file upload.pdb (PDB, C-alpha atoms and all ligand atoms)
MODEL        1
ATOM      1  CA  MET A   8     -10.364 122.959  99.692
ATOM      2  CA  GLU A   9     -13.727 122.097  98.121
ATOM      3  CA  ARG A  10     -14.947 125.605  98.853
ATOM      4  CA  ILE A  11     -11.950 127.097  97.103
ATOM      5  CA  GLN A  12     -12.474 124.822  94.080
ATOM      6  CA  SER A  13     -16.124 125.774  93.876
ATOM      7  CA  ALA A  14     -15.205 129.484  94.135
ATOM      8  CA  ILE A  15     -12.744 129.018  91.284
ATOM      9  CA  GLN A  16     -15.423 127.293  89.174
ATOM     10  CA  LYS A  17     -17.773 130.210  89.851
ATOM     11  CA  ALA A  18     -15.098 132.748  88.936
ATOM     12  CA  ARG A  19     -14.484 130.859  85.651
ATOM     13  CA  ALA A  20     -18.195 130.806  84.850
ATOM     14  CA  ALA A  21     -18.377 134.558  85.567
ATOM     15  CA  ARG A  22     -15.325 135.068  83.332
ATOM     16  CA  ALA A  23     -17.060 133.211  80.513
ATOM     17  CA  GLN A  24     -20.161 135.400  80.940
ATOM     18  CA  ASP A  25     -18.100 138.591  81.007
ATOM     19  CA  VAL A  26     -16.651 137.700  77.633
ATOM     20  CA  THR A  27     -20.005 137.652  75.953
ATOM     21  CA  HIS A  28     -21.646 140.523  77.828
ATOM     22  CA  ASP A  29     -19.017 143.096  78.698
ATOM     23  CA  GLU A  30     -18.265 145.204  75.682
ATOM     24  CA  GLY A  31     -16.807 148.001  77.812
ATOM     25  CA  HIS A  32     -13.364 146.407  77.848
ATOM     26  CA  ALA A  33     -13.057 145.429  74.197
ATOM     27  CA  LEU A  34      -9.499 145.227  72.891
ATOM     28  CA  PRO A  35      -8.269 148.305  71.110
ATOM     29  CA  PRO A  36      -9.179 148.006  67.428
ATOM     30  CA  THR A  37      -6.585 146.466  65.185
ATOM     31  CA  GLY A  38      -4.680 148.638  62.795
ATOM     32  CA  HIS A  39      -4.414 145.813  60.255
ATOM     33  CA  ILE A  40      -8.068 145.086  59.733
ATOM     34  CA  ALA A  41     -10.249 147.397  57.723
ATOM     35  CA  LYS A  42     -13.274 147.185  59.966
ATOM     36  CA  PRO A  43     -12.533 147.183  63.723
ATOM     37  CA  ALA A  44     -13.951 143.923  64.997
ATOM     38  CA  SER A  45     -15.792 144.079  68.289
ATOM     39  CA  LEU A  46     -15.829 141.023  70.448
ATOM     40  CA  VAL A  47     -19.473 140.301  69.617
ATOM     41  CA  GLU A  48     -18.760 140.411  65.898
ATOM     42  CA  ALA A  49     -15.858 137.996  66.400
ATOM     43  CA  VAL A  50     -18.165 135.584  68.210
ATOM     44  CA  GLU A  51     -20.888 135.818  65.570
ATOM     45  CA  ALA A  52     -18.476 135.386  62.703
ATOM     46  CA  PRO A  53     -15.874 132.830  63.804
ATOM     47  CA  ALA A  54     -13.568 133.987  61.034
ATOM     48  CA  SER A  55     -10.576 133.931  63.373
ATOM     49  CA  ASP A  56      -8.398 132.823  60.437
ATOM     50  CA  SER A  57      -8.591 136.352  59.054
ATOM     51  CA  PHE A  58      -7.130 137.705  62.323
ATOM     52  CA  TRP A  59      -4.303 135.190  62.125
ATOM     53  CA  ALA A  60      -3.663 136.034  58.491
ATOM     54  CA  GLU A  61      -3.312 139.738  59.343
ATOM     55  CA  LEU A  62      -0.536 139.239  61.919
ATOM     56  CA  PRO A  63       3.019 140.219  61.014
ATOM     57  CA  VAL A  64       5.064 137.184  60.099
ATOM     58  CA  ALA A  65       8.209 136.300  62.019
ATOM     59  CA  GLU A  66      11.310 134.885  60.399
ATOM     60  CA  PHE A  67      13.197 132.796  62.906
ATOM     61  CA  ASN A  68      16.874 131.994  62.913
ATOM     62  CA  VAL A  69      16.810 128.199  63.070
ATOM     63  CA  ALA A  70      20.509 127.895  63.932
ATOM     64  CA  ALA A  71      20.341 130.473  66.755
ATOM     65  CA  LEU A  72      17.281 128.775  68.195
ATOM     66  CA  LYS A  73      18.985 125.414  68.022
ATOM     67  CA  LYS A  74      21.902 126.877  69.960
ATOM     68  CA  GLY A  75      19.387 127.839  72.627
ATOM     69  CA  ARG A  76      18.000 124.260  72.614
ATOM     70  CA  VAL A  77      14.828 125.239  70.742
ATOM     71  CA  PHE A  78      13.813 123.188  67.696
ATOM     72  CA  LEU A  79      11.415 124.399  65.017
ATOM     73  CA  ASP A  80      11.437 121.261  62.950
ATOM     74  CA  ARG A  81      11.244 117.643  63.908
ATOM     75  CA  ALA A  82      14.735 116.542  64.956
ATOM     76  CA  GLY A  83      14.548 112.909  65.980
ATOM     77  CA  GLU A  84      15.466 112.188  69.577
ATOM     78  CA  LEU A  85      15.789 115.884  70.358
ATOM     79  CA  THR A  86      12.159 116.710  69.626
ATOM     80  CA  THR A  87      10.441 113.401  70.403
ATOM     81  CA  PRO A  88      10.061 114.165  74.144
ATOM     82  CA  PHE A  89       8.338 117.466  73.296
ATOM     83  CA  ASP A  90       6.026 115.762  70.800
ATOM     84  CA  VAL A  91       5.123 113.094  73.352
ATOM     85  CA  LEU A  92       4.445 115.768  75.969
ATOM     86  CA  ARG A  93       2.412 117.802  73.469
ATOM     87  CA  THR A  94       0.207 114.825  72.637
ATOM     88  CA  ARG A  95      -0.451 114.002  76.280
ATOM     89  CA  ILE A  96      -1.137 117.626  77.149
ATOM     90  CA  LEU A  97      -3.525 118.057  74.204
ATOM     91  CA  TYR A  98      -5.379 114.895  75.167
ATOM     92  CA  GLU A  99      -5.981 116.137  78.718
ATOM     93  CA  MET A 100      -6.799 119.667  77.650
ATOM     94  CA  ARG A 101      -9.321 118.605  75.005
ATOM     95  CA  LYS A 102     -10.918 116.118  77.374
ATOM     96  CA  ASN A 103     -11.477 118.882  79.924
ATOM     97  CA  ASN A 104     -12.200 121.644  77.432
ATOM     98  CA  TRP A 105      -9.182 123.600  78.708
ATOM     99  CA  ARG A 106      -7.299 126.142  76.614
ATOM    100  CA  ARG A 107      -4.962 127.959  78.945
ATOM    101  CA  LEU A 108      -1.765 126.231  79.994
ATOM    102  CA  ALA A 109       0.949 127.760  82.165
ATOM    103  CA  ILE A 110       4.503 126.483  82.438
ATOM    104  CA  THR A 111       6.058 127.249  85.788
ATOM    105  CA  SER A 112       8.738 125.955  88.155
ATOM    106  CA  PRO A 113       9.693 126.494  91.793
ATOM    107  CA  GLY A 114      12.875 128.439  91.014
ATOM    108  CA  SER A 115      14.548 130.058  88.029
ATOM    109  CA  ALA A 116      16.525 128.439  85.208
ATOM    110  CA  CYS A 117      14.627 125.125  85.325
ATOM    111  CA  GLY A 118      13.988 125.423  81.568
ATOM    112  CA  LYS A 119      10.485 126.961  81.421
ATOM    113  CA  THR A 120      11.121 129.183  78.439
ATOM    114  CA  THR A 121      12.951 126.436  76.573
ATOM    115  CA  LEU A 122      10.099 123.987  77.198
ATOM    116  CA  CYS A 123       7.446 126.556  76.333
ATOM    117  CA  LEU A 124       9.025 127.301  72.940
ATOM    118  CA  ASN A 125       9.667 123.663  72.100
ATOM    119  CA  LEU A 126       6.084 122.789  72.990
ATOM    120  CA  ALA A 127       4.844 125.684  70.882
ATOM    121  CA  PHE A 128       6.777 124.539  67.805
ATOM    122  CA  SER A 129       5.702 120.965  68.469
ATOM    123  CA  LEU A 130       2.065 122.131  68.477
ATOM    124  CA  ALA A 131       2.730 123.998  65.226
ATOM    125  CA  ARG A 132       3.998 120.791  63.632
ATOM    126  CA  GLN A 133       0.440 119.493  64.003
ATOM    127  CA  ARG A 134      -0.987 121.802  61.395
ATOM    128  CA  GLU A 135      -4.536 121.921  62.776
ATOM    129  CA  ASN A 136      -3.509 123.593  66.042
ATOM    130  CA  HIS A 137      -3.694 127.331  66.620
ATOM    131  CA  THR A 138      -1.436 128.355  69.494
ATOM    132  CA  LEU A 139      -0.804 131.666  71.234
ATOM    133  CA  VAL A 140       2.351 131.937  73.336
ATOM    134  CA  ILE A 141       2.498 134.749  75.874
ATOM    135  CA  ASP A 142       5.625 135.580  77.860
ATOM    136  CA  LEU A 143       4.392 136.504  81.333
ATOM    137  CA  ASP A 144       7.856 136.357  82.880
ATOM    138  CA  MET A 145       7.877 140.110  82.641
ATOM    139  CA  ARG A 146      10.521 140.713  85.301
ATOM    140  CA  ARG A 147      13.110 138.746  83.323
ATOM    141  CA  PRO A 148      11.806 138.424  79.774
ATOM    142  CA  SER A 149      13.999 136.058  77.792
ATOM    143  CA  MET A 150      11.741 134.706  75.079
ATOM    144  CA  ALA A 151      12.151 137.771  72.867
ATOM    145  CA  LYS A 152      15.919 137.426  72.963
ATOM    146  CA  LEU A 153      15.791 133.727  72.074
ATOM    147  CA  LEU A 154      13.324 134.294  69.250
ATOM    148  CA  GLN A 155      15.045 137.519  68.090
ATOM    149  CA  THR A 156      11.666 139.141  67.483
ATOM    150  CA  PRO A 157      11.378 142.843  66.525
ATOM    151  CA  GLN A 158      12.704 145.128  69.265
ATOM    152  CA  GLU A 159       9.461 147.056  69.634
ATOM    153  CA  GLN A 160       7.470 144.069  70.904
ATOM    154  CA  ALA A 161       5.983 144.821  74.353
ATOM    155  CA  PHE A 162       3.071 142.549  75.028
ATOM    156  CA  SER A 163       2.749 144.022  78.540
ATOM    157  CA  SER A 164       1.234 147.120  76.905
ATOM    158  CA  VAL A 165      -1.489 144.890  75.419
ATOM    159  CA  LEU A 166      -2.227 143.482  78.882
ATOM    160  CA  GLU A 167      -2.480 147.082  80.112
ATOM    161  CA  SER A 168      -5.011 147.713  77.294
ATOM    162  CA  SER A 169      -2.863 150.511  75.919
ATOM    163  CA  SER A 170      -2.050 148.772  72.600
ATOM    164  CA  SER A 171      -3.797 146.383  70.285
ATOM    165  CA  PRO A 172      -2.553 142.776  70.186
ATOM    166  CA  GLU A 173      -1.804 143.062  66.479
ATOM    167  CA  GLU A 174       0.892 145.626  67.281
ATOM    168  CA  HIS A 175       2.699 143.197  69.549
ATOM    169  CA  LEU A 176       2.082 139.702  68.224
ATOM    170  CA  VAL A 177       4.248 137.997  65.620
ATOM    171  CA  CYS A 178       3.119 134.936  63.764
ATOM    172  CA  TYR A 179       4.855 131.791  62.550
ATOM    173  CA  GLN A 180       3.217 129.747  59.766
ATOM    174  CA  ASP A 181      -0.260 131.273  60.242
ATOM    175  CA  LYS A 182      -1.107 129.245  63.338
ATOM    176  CA  LEU A 183       1.400 130.086  66.047
ATOM    177  CA  ALA A 184       1.735 133.605  67.473
ATOM    178  CA  PHE A 185       4.070 135.026  70.111
ATOM    179  CA  GLY A 186       3.436 137.925  72.466
ATOM    180  CA  VAL A 187       6.760 138.778  74.102
ATOM    181  CA  ASN A 188       8.559 141.640  75.828
ATOM    182  CA  HIS A 189      12.008 142.998  75.164
ATOM    183  CA  LYS A 190      12.163 145.056  78.357
ATOM    184  CA  PRO A 191      11.235 144.158  81.936
ATOM    185  CA  THR A 192       7.904 145.401  83.270
ATOM    186  CA  PRO A 193       8.321 146.854  86.768
ATOM    187  CA  ASN A 194       4.737 146.332  88.018
ATOM    188  CA  SER A 195       4.251 142.802  86.661
ATOM    189  CA  ALA A 196       2.486 141.306  89.732
ATOM    190  CA  GLU A 197      -0.064 144.140  89.805
ATOM    191  CA  LEU A 198      -0.536 143.905  86.047
ATOM    192  CA  LEU A 199      -1.182 140.164  86.224
ATOM    193  CA  GLN A 200      -3.817 140.680  88.924
ATOM    194  CA  SER A 201      -5.530 143.499  87.037
ATOM    195  CA  GLN A 202      -8.991 143.373  85.496
ATOM    196  CA  SER A 203      -7.428 144.712  82.343
ATOM    197  CA  ALA A 204      -5.104 141.717  81.880
ATOM    198  CA  ALA A 205      -7.959 139.276  82.590
ATOM    199  CA  HIS A 206     -10.214 140.929  80.003
ATOM    200  CA  VAL A 207      -7.482 141.145  77.393
ATOM    201  CA  ILE A 208      -6.809 137.417  77.683
ATOM    202  CA  ASP A 209     -10.527 136.592  77.539
ATOM    203  CA  GLN A 210     -10.862 138.676  74.423
ATOM    204  CA  LEU A 211      -7.722 137.305  72.769
ATOM    205  CA  GLU A 212      -9.307 133.899  73.181
ATOM    206  CA  GLU A 213     -12.501 135.111  71.539
ATOM    207  CA  ARG A 214     -10.728 136.829  68.677
ATOM    208  CA  TYR A 215      -8.149 134.172  67.801
ATOM    209  CA  HIS A 216      -9.888 130.964  68.958
ATOM    210  CA  PRO A 217      -6.550 129.310  69.854
ATOM    211  CA  ASP A 218      -6.569 125.627  70.717
ATOM    212  CA  VAL A 219      -3.935 126.399  73.324
ATOM    213  CA  ILE A 220      -2.674 129.578  74.993
ATOM    214  CA  LEU A 221       0.721 128.804  76.444
ATOM    215  CA  PHE A 222       1.905 131.099  79.229
ATOM    216  CA  ASP A 223       5.571 131.200  80.130
ATOM    217  CA  THR A 224       5.427 132.332  83.755
ATOM    218  CA  PRO A 225       7.941 133.361  86.423
ATOM    219  CA  PRO A 226       9.089 130.885  89.093
ATOM    220  CA  LEU A 227       6.209 130.191  91.475
ATOM    221  CA  LEU A 228       8.239 130.477  94.683
ATOM    222  CA  ALA A 229      10.403 133.437  93.667
ATOM    223  CA  CYS A 230       7.710 136.124  93.415
ATOM    224  CA  ASP A 231       3.921 136.527  93.582
ATOM    225  CA  ASP A 232       3.365 137.019  89.805
ATOM    226  CA  THR A 233       2.437 133.431  88.935
ATOM    227  CA  PHE A 234       0.368 132.771  92.055
ATOM    228  CA  ALA A 235      -1.563 135.975  91.371
ATOM    229  CA  PHE A 236      -2.422 134.742  87.905
ATOM    230  CA  LEU A 237      -3.179 131.069  88.594
ATOM    231  CA  ASP A 238      -6.957 131.409  88.664
ATOM    232  CA  GLN A 239      -6.859 132.737  85.085
ATOM    233  CA  ILE A 240      -5.250 129.478  83.967
ATOM    234  CA  ASP A 241      -6.978 126.174  83.257
ATOM    235  CA  CYS A 242      -3.983 123.942  83.891
ATOM    236  CA  VAL A 243      -0.316 124.012  84.768
ATOM    237  CA  ILE A 244       2.823 122.041  83.980
ATOM    238  CA  LEU A 245       5.322 122.216  86.810
ATOM    239  CA  LEU A 246       8.902 121.948  85.685
ATOM    240  CA  ALA A 247      11.566 120.658  88.038
ATOM    241  CA  ALA A 248      15.283 120.687  87.327
ATOM    242  CA  ALA A 249      17.146 117.490  88.129
ATOM    243  CA  GLU A 250      19.744 117.928  90.882
ATOM    244  CA  THR A 251      18.467 121.434  91.667
ATOM    245  CA  THR A 252      14.776 121.400  92.562
ATOM    246  CA  THR A 253      13.973 119.798  95.918
ATOM    247  CA  ALA A 254      11.038 117.508  96.754
ATOM    248  CA  GLU A 255       9.828 120.101  99.301
ATOM    249  CA  GLU A 256       9.741 122.783  96.621
ATOM    250  CA  ILE A 257       7.752 120.540  94.305
ATOM    251  CA  GLU A 258       5.256 119.719  97.072
ATOM    252  CA  LYS A 259       4.839 123.380  97.983
ATOM    253  CA  CYS A 260       4.191 124.287  94.338
ATOM    254  CA  GLU A 261       1.762 121.382  93.910
ATOM    255  CA  ARG A 262      -0.281 122.645  96.879
ATOM    256  CA  GLU A 263      -0.345 126.216  95.547
ATOM    257  CA  ILE A 264      -1.334 125.098  92.052
ATOM    258  CA  ASP A 265      -4.011 122.695  93.348
ATOM    259  CA  SER A 266      -5.589 125.494  95.350
ATOM    260  CA  ARG A 267      -6.132 127.760  92.333
ATOM    261  CA  SER A 268      -5.863 125.741  89.116
ATOM    262  CA  ASN A 269      -5.271 122.199  87.838
ATOM    263  CA  LEU A 270      -1.864 120.554  87.887
ATOM    264  CA  LEU A 271      -1.449 118.602  84.643
ATOM    265  CA  GLY A 272       1.840 117.082  85.659
ATOM    266  CA  VAL A 273       5.406 117.552  86.826
ATOM    267  CA  VAL A 274       8.152 117.401  84.208
ATOM    268  CA  LEU A 275      11.672 116.562  85.283
ATOM    269  CA  ASN A 276      14.107 118.505  83.137
ATOM    270  CA  LYS A 277      17.869 118.506  82.723
ATOM    271  CA  CYS A 278      18.282 114.797  83.512
ATOM    272  CA  ARG A 279      21.754 113.669  82.642
ATOM    273  CA  LEU A 280      21.026 109.944  82.829
ATOM    274  CA  LEU A 281      18.173 108.658  80.714
ATOM    275  CA  ASP A 282      17.160 105.126  80.036
ATOM    276  CA  LYS A 283      17.765 104.497  76.320
ATOM    277  CA  ALA A 284      14.120 103.449  75.898
ATOM    278  CA  ASP A 285      12.935 106.758  77.435
ATOM    279  CA  SER A 286      14.959 108.848  75.051
ATOM    280  CA  TYR A 287      13.992 107.039  71.873
ATOM    281  CA  GLY A 288      10.926 107.634  69.806
ATOM    282  CA  TYR A 289       8.934 104.449  70.323
TER
HETATM  283  N1  LIG A 301      16.870 119.912  79.089
HETATM  284  C1  LIG A 301      17.863 120.801  79.236
HETATM  285  N2  LIG A 301      19.115 120.374  79.314
HETATM  286  C2  LIG A 301      20.147 121.237  79.461
HETATM  287  N3  LIG A 301      19.983 122.584  79.535
HETATM  288  C3  LIG A 301      18.745 123.074  79.474
HETATM  289  C4  LIG A 301      17.603 122.215  79.309
HETATM  290  N4  LIG A 301      16.497 122.994  79.253
HETATM  291  C5  LIG A 301      16.927 124.270  79.389
HETATM  292  N5  LIG A 301      18.265 124.327  79.504
HETATM  293  C6  LIG A 301      19.106 125.520  79.647
HETATM  294  O1  LIG A 301      18.915 126.046  80.945
HETATM  295  C7  LIG A 301      19.001 127.474  80.917
HETATM  296  C8  LIG A 301      17.739 128.072  81.521
HETATM  297  O2  LIG A 301      16.653 127.725  80.672
HETATM  298  P1  LIG A 301      15.368 128.635  80.571
HETATM  299  O3  LIG A 301      14.444 127.957  79.643
HETATM  300  O4  LIG A 301      15.717 130.042  80.262
HETATM  301  O5  LIG A 301      14.854 128.536  82.088
HETATM  302  P2  LIG A 301      13.723 129.379  82.834
HETATM  303  O6  LIG A 301      12.825 129.950  81.801
HETATM  304  O7  LIG A 301      13.066 128.370  83.720
HETATM  305  O8  LIG A 301      14.442 130.422  83.639
HETATM  306  C9  LIG A 301      19.192 127.859  79.452
HETATM  307  O9  LIG A 301      20.574 128.069  79.232
HETATM  308  C10 LIG A 301      18.710 126.628  78.699
HETATM  309  O10 LIG A 301      19.334 126.479  77.435
HETATM  310 MG    MG A 302      12.285 131.915  81.361
ENDMDL
END
call {"tool": "encode", "arguments": {"input": "upload.pdb", "output": "structure tokens"}}
result
Amino acid sequence: MERIQSAIQKARAARAQDVTHDEGHALPPTGHIAKPASLVEAVEAPASDSFWAELPVAEFNVAALKKGRVFLDRAGELTTPFDVLRTRILYEMRKNNWRRLAITSPGSACGKTTLCLNLAFSLARQRENHTLVIDLDMRRPSMAKLLQTPQEQAFSSVLESSSSPEEHLVCYQDKLAFGVNHKPTPNSAELLQSQSAAHVIDQLEERYHPDVILFDTPPLLACDDTFAFLDQIDCVILLAAAETTTAEEIEKCEREIDSRSNLLGVVLNKCRLLDKADSYGY
């Protein structure tokens, strides 16, 4: 296990070096910015705010989101658990200098996408945070439908290096951007293991300097997509659904995550019985 951890550390260090030295895989130039910014220029001039300001702005339908259990604005007891989770996650991530967080679960329908979006809007409520949200559940993309983003969004083409991120990101309040897909991507496991996807994510990080990149991923035990991508991720939240997910499934996922990334914690979702004190905002 130690050997695997040390190999992962080495791979991360190599990734960090690639970002500064490999200009051969630079993101396609943006169509919105007058002077195409190479990665090196972005590093020298940390004017990432200008990249954020150039992104197309998304108008979200608050009522439709609410129907899908997603809350943009603070809403008392409904959003307190997400704010509490956000604060704990940020504390751990800052302490460890981590930026990439994946949300996964053993099986489907545990609430990954719902949690990912609520966490994203909770992060946006703290105005100093810049957050990128990427939908990597490319076999069954659902985030685009929930957010009702423009139909042409296909962030998978950015991961393939065939489009620029600015063509497929939409921004909310200058500091939160979403990269989603309206259509399924047939070769998602291969794409997630590709050099291209790894470089694109490295370079997104350099260009936008997000405090957090949130990845909504497919179920860990249902396909190989998430496992293939785990060593690109700093830390993981494992979501379990009450009355559905089994202890064995959680243990299996914990082992897989521990072998390739860092498990931040397990969140139990869809609990019908909550202690009053747990559900209130103290
Ligand atoms: N805490 C919750 N309580 C009740 N229903 C939930 C909760 N979280 C999510 N859901 C619902 O469960 C369904 C699946 O959620 P979703 O986020 O799409 O799961 P996943 O991304 O894991 O497949 C959706 O209908 C969603 O509204
Ligand atoms: Mg989902």
call {"tool": "closest_residue", "arguments": {"input": "upload.pdb", "among": "A:Gln202, A:Arg76, A:Thr120, A:Val187", "to": "ligand MG 302 (chain A)", "atoms": "only C-alpha atoms and all ligand atoms"}}
result
A:Thr120
call {"tool": "closest_residue", "arguments": {"input": "upload.pdb", "among": "A:Ile96, A:Ile264, A:Ala60, A:Val140", "to": "Leu183 in chain A", "atoms": "only C-alpha atoms"}}
result
A:Val140
call {"tool": "atom_distance", "arguments": {"input": "upload.pdb", "atom1": "CA of Leu198 in chain A", "atom2": "CA of Arg146 in chain A"}}
result
11.5 Å
call {"tool": "residues_near_ligand", "arguments": {"input": "upload.pdb", "ligand": "ligand LIG 301 (chain A)", "cutoff": "10 Å", "atoms": "all atoms listed in the file", "output": "number ranges by chain"}}
result
A: 72-77, 85, 110-125, 142, 144, 147-150, 153, 223-226, 246-249, 275-279
call {"tool": "resolve_selection", "arguments": {"input": "upload.pdb", "expression": "the PyMOL selection byres (((chain A and resi 237) around 10) and not hetatm)", "output": "list of chain:residue names"}}
result
A:Leu108, A:Ala109, A:Leu199, A:Gln200, A:Thr224, A:Leu227, A:Asp232, A:Thr233, A:Phe234, A:Ala235, A:Phe236, A:Asp238, A:Gln239, A:Ile240, A:Asp241, A:Cys242, A:Val243, A:Glu263, A:Ile264, A:Asp265, A:Ser266, A:Arg267, A:Ser268, A:Asn269
call {"tool": "resolve_selection", "arguments": {"input": "upload.pdb", "expression": "the PyMOL selection byres (((chain A and resi 193) around 8) and not hetatm)", "output": "PyMOL selection string"}}
result
chain A and resi 145-146+191-192+194-195
call {"tool": "atom_distance", "arguments": {"input": "upload.pdb", "atom1": "CA of Ile244 in chain A", "atom2": "CA of Arg101 in chain A"}}
result
15.5 Å
call {"tool": "atom_distance", "arguments": {"input": "upload.pdb", "atom1": "CA of Glu255 in chain A", "atom2": "CA of Ala229 in chain A"}}
result
14.5 Å
call {"tool": "residues_around", "arguments": {"input": "upload.pdb", "residues": "Asn188 in chain A", "least_positions_apart": "2", "cutoff": "6 Å", "atoms": "all atoms listed in the file", "output": "list in words"}}
result
Gln160, Ala161, Phe162 and Lys190 of chain A
call {"tool": "resolve_selection", "arguments": {"input": "upload.pdb", "expression": "the PyMOL selection byres (((chain A and resi 94) around 12) and not hetatm)", "output": "JSON, numbers by chain"}}
result
{"A": [87, 88, 89, 90, 91, 92, 93, 95, 96, 97, 98, 99, 100, 101, 126, 127, 129, 130, 132, 133, 136]}
call {"tool": "closest_residue", "arguments": {"input": "upload.pdb", "among": "A:Leu143, A:Ala204, A:Val64, A:Val219", "to": "ligand MG 302 (chain A)", "atoms": "only C-alpha atoms and all ligand atoms"}}
result
A:Leu143
call {"tool": "closest_residue", "arguments": {"input": "upload.pdb", "among": "A:Leu211, A:Ala151, A:Leu62, A:Ala82", "to": "ligand MG 302 (chain A)", "atoms": "only C-alpha atoms and all ligand atoms"}}
result
A:Ala151
call {"tool": "residues_around", "arguments": {"input": "upload.pdb", "residues": "Glu212 in chain A", "least_positions_apart": "5", "cutoff": "10 Å", "atoms": "only C-alpha atoms", "output": "VMD selection string"}}
result
chain A and resid 26 55 106 to 107 139 206 to 207 217 to 220
call {"tool": "closest_residue", "arguments": {"input": "upload.pdb", "among": "A:His175, A:Leu79, A:Pro157, A:Ile141", "to": "ligand MG 302 (chain A)", "atoms": "all atoms listed in the file"}}
result
A:Ile141
call {"tool": "closest_residue", "arguments": {"input": "upload.pdb", "among": "A:Glu256, A:Leu271, A:Glu167, A:Lys152", "to": "ligand MG 302 (chain A)", "atoms": "all atoms listed in the file"}}
result
A:Lys152
call {"tool": "decode", "arguments": {"input": "upload.pdb", "residues": "range 109-124 of chain A", "atoms": "N, CA and C atoms", "output": "PDB file, in the first residue's frame"}}
result
ATOM      1  N   ALA A 109     -13.644  14.895  -5.935  1.00  0.00           N
ATOM      2  CA  ALA A 109     -14.640  14.116  -6.683  1.00  0.00           C
ATOM      3  C   ALA A 109     -15.754  13.678  -5.743  1.00  0.00           C
ATOM      4  N   ILE A 110     -16.969  13.688  -6.282  1.00  0.00           N
ATOM      5  CA  ILE A 110     -18.113  13.126  -5.548  1.00  0.00           C
ATOM      6  C   ILE A 110     -18.452  11.821  -6.243  1.00  0.00           C
ATOM      7  N   THR A 111     -18.428  10.733  -5.504  1.00  0.00           N
ATOM      8  CA  THR A 111     -18.827   9.465  -6.113  1.00  0.00           C
ATOM      9  C   THR A 111     -19.682   8.663  -5.136  1.00  0.00           C
ATOM     10  N   SER A 112     -20.169   7.516  -5.606  1.00  0.00           N
ATOM     11  CA  SER A 112     -20.982   6.642  -4.755  1.00  0.00           C
ATOM     12  C   SER A 112     -20.819   5.229  -5.297  1.00  0.00           C
ATOM     13  N   PRO A 113     -21.184   4.220  -4.523  1.00  0.00           N
ATOM     14  CA  PRO A 113     -21.062   2.855  -5.044  1.00  0.00           C
ATOM     15  C   PRO A 113     -21.980   2.611  -6.252  1.00  0.00           C
ATOM     16  N   GLY A 114     -23.253   2.982  -6.106  1.00  0.00           N
ATOM     17  CA  GLY A 114     -24.212   2.753  -7.185  1.00  0.00           C
ATOM     18  C   GLY A 114     -24.817   4.058  -7.671  1.00  0.00           C
ATOM     19  N   SER A 115     -25.806   3.948  -8.556  1.00  0.00           N
ATOM     20  CA  SER A 115     -26.408   5.161  -9.110  1.00  0.00           C
ATOM     21  C   SER A 115     -27.510   5.696  -8.191  1.00  0.00           C
ATOM     22  N   ALA A 116     -27.918   6.903  -8.486  1.00  0.00           N
ATOM     23  CA  ALA A 116     -29.063   7.559  -7.811  1.00  0.00           C
ATOM     24  C   ALA A 116     -28.887   7.761  -6.313  1.00  0.00           C
ATOM     25  N   CYS A 117     -27.630   7.826  -5.846  1.00  0.00           N
ATOM     26  CA  CYS A 117     -27.395   8.102  -4.417  1.00  0.00           C
ATOM     27  C   CYS A 117     -27.511   9.594  -4.129  1.00  0.00           C
ATOM     28  N   GLY A 118     -27.479  10.426  -5.172  1.00  0.00           N
ATOM     29  CA  GLY A 118     -27.598  11.877  -4.985  1.00  0.00           C
ATOM     30  C   GLY A 118     -26.313  12.637  -5.278  1.00  0.00           C
ATOM     31  N   LYS A 119     -25.423  12.052  -6.075  1.00  0.00           N
ATOM     32  CA  LYS A 119     -24.130  12.715  -6.372  1.00  0.00           C
ATOM     33  C   LYS A 119     -24.306  14.069  -7.045  1.00  0.00           C
ATOM     34  N   THR A 120     -25.118  14.073  -8.099  1.00  0.00           N
ATOM     35  CA  THR A 120     -25.280  15.317  -8.851  1.00  0.00           C
ATOM     36  C   THR A 120     -25.949  16.384  -7.994  1.00  0.00           C
ATOM     37  N   THR A 121     -26.945  15.966  -7.234  1.00  0.00           N
ATOM     38  CA  THR A 121     -27.648  16.897  -6.345  1.00  0.00           C
ATOM     39  C   THR A 121     -26.669  17.483  -5.324  1.00  0.00           C
ATOM     40  N   LEU A 122     -25.848  16.629  -4.733  1.00  0.00           N
ATOM     41  CA  LEU A 122     -24.884  17.107  -3.730  1.00  0.00           C
ATOM     42  C   LEU A 122     -23.845  18.022  -4.376  1.00  0.00           C
ATOM     43  N   CYS A 123     -23.376  17.607  -5.552  1.00  0.00           N
ATOM     44  CA  CYS A 123     -22.340  18.378  -6.239  1.00  0.00           C
ATOM     45  C   CYS A 123     -22.830  19.816  -6.512  1.00  0.00           C
ATOM     46  N   LEU A 124     -24.064  19.927  -7.003  1.00  0.00           N
ATOM     47  CA  LEU A 124     -24.592  21.263  -7.322  1.00  0.00           C
ATOM     48  C   LEU A 124     -24.849  22.072  -6.047  1.00  0.00           C
TER      49      LEU A 124
END
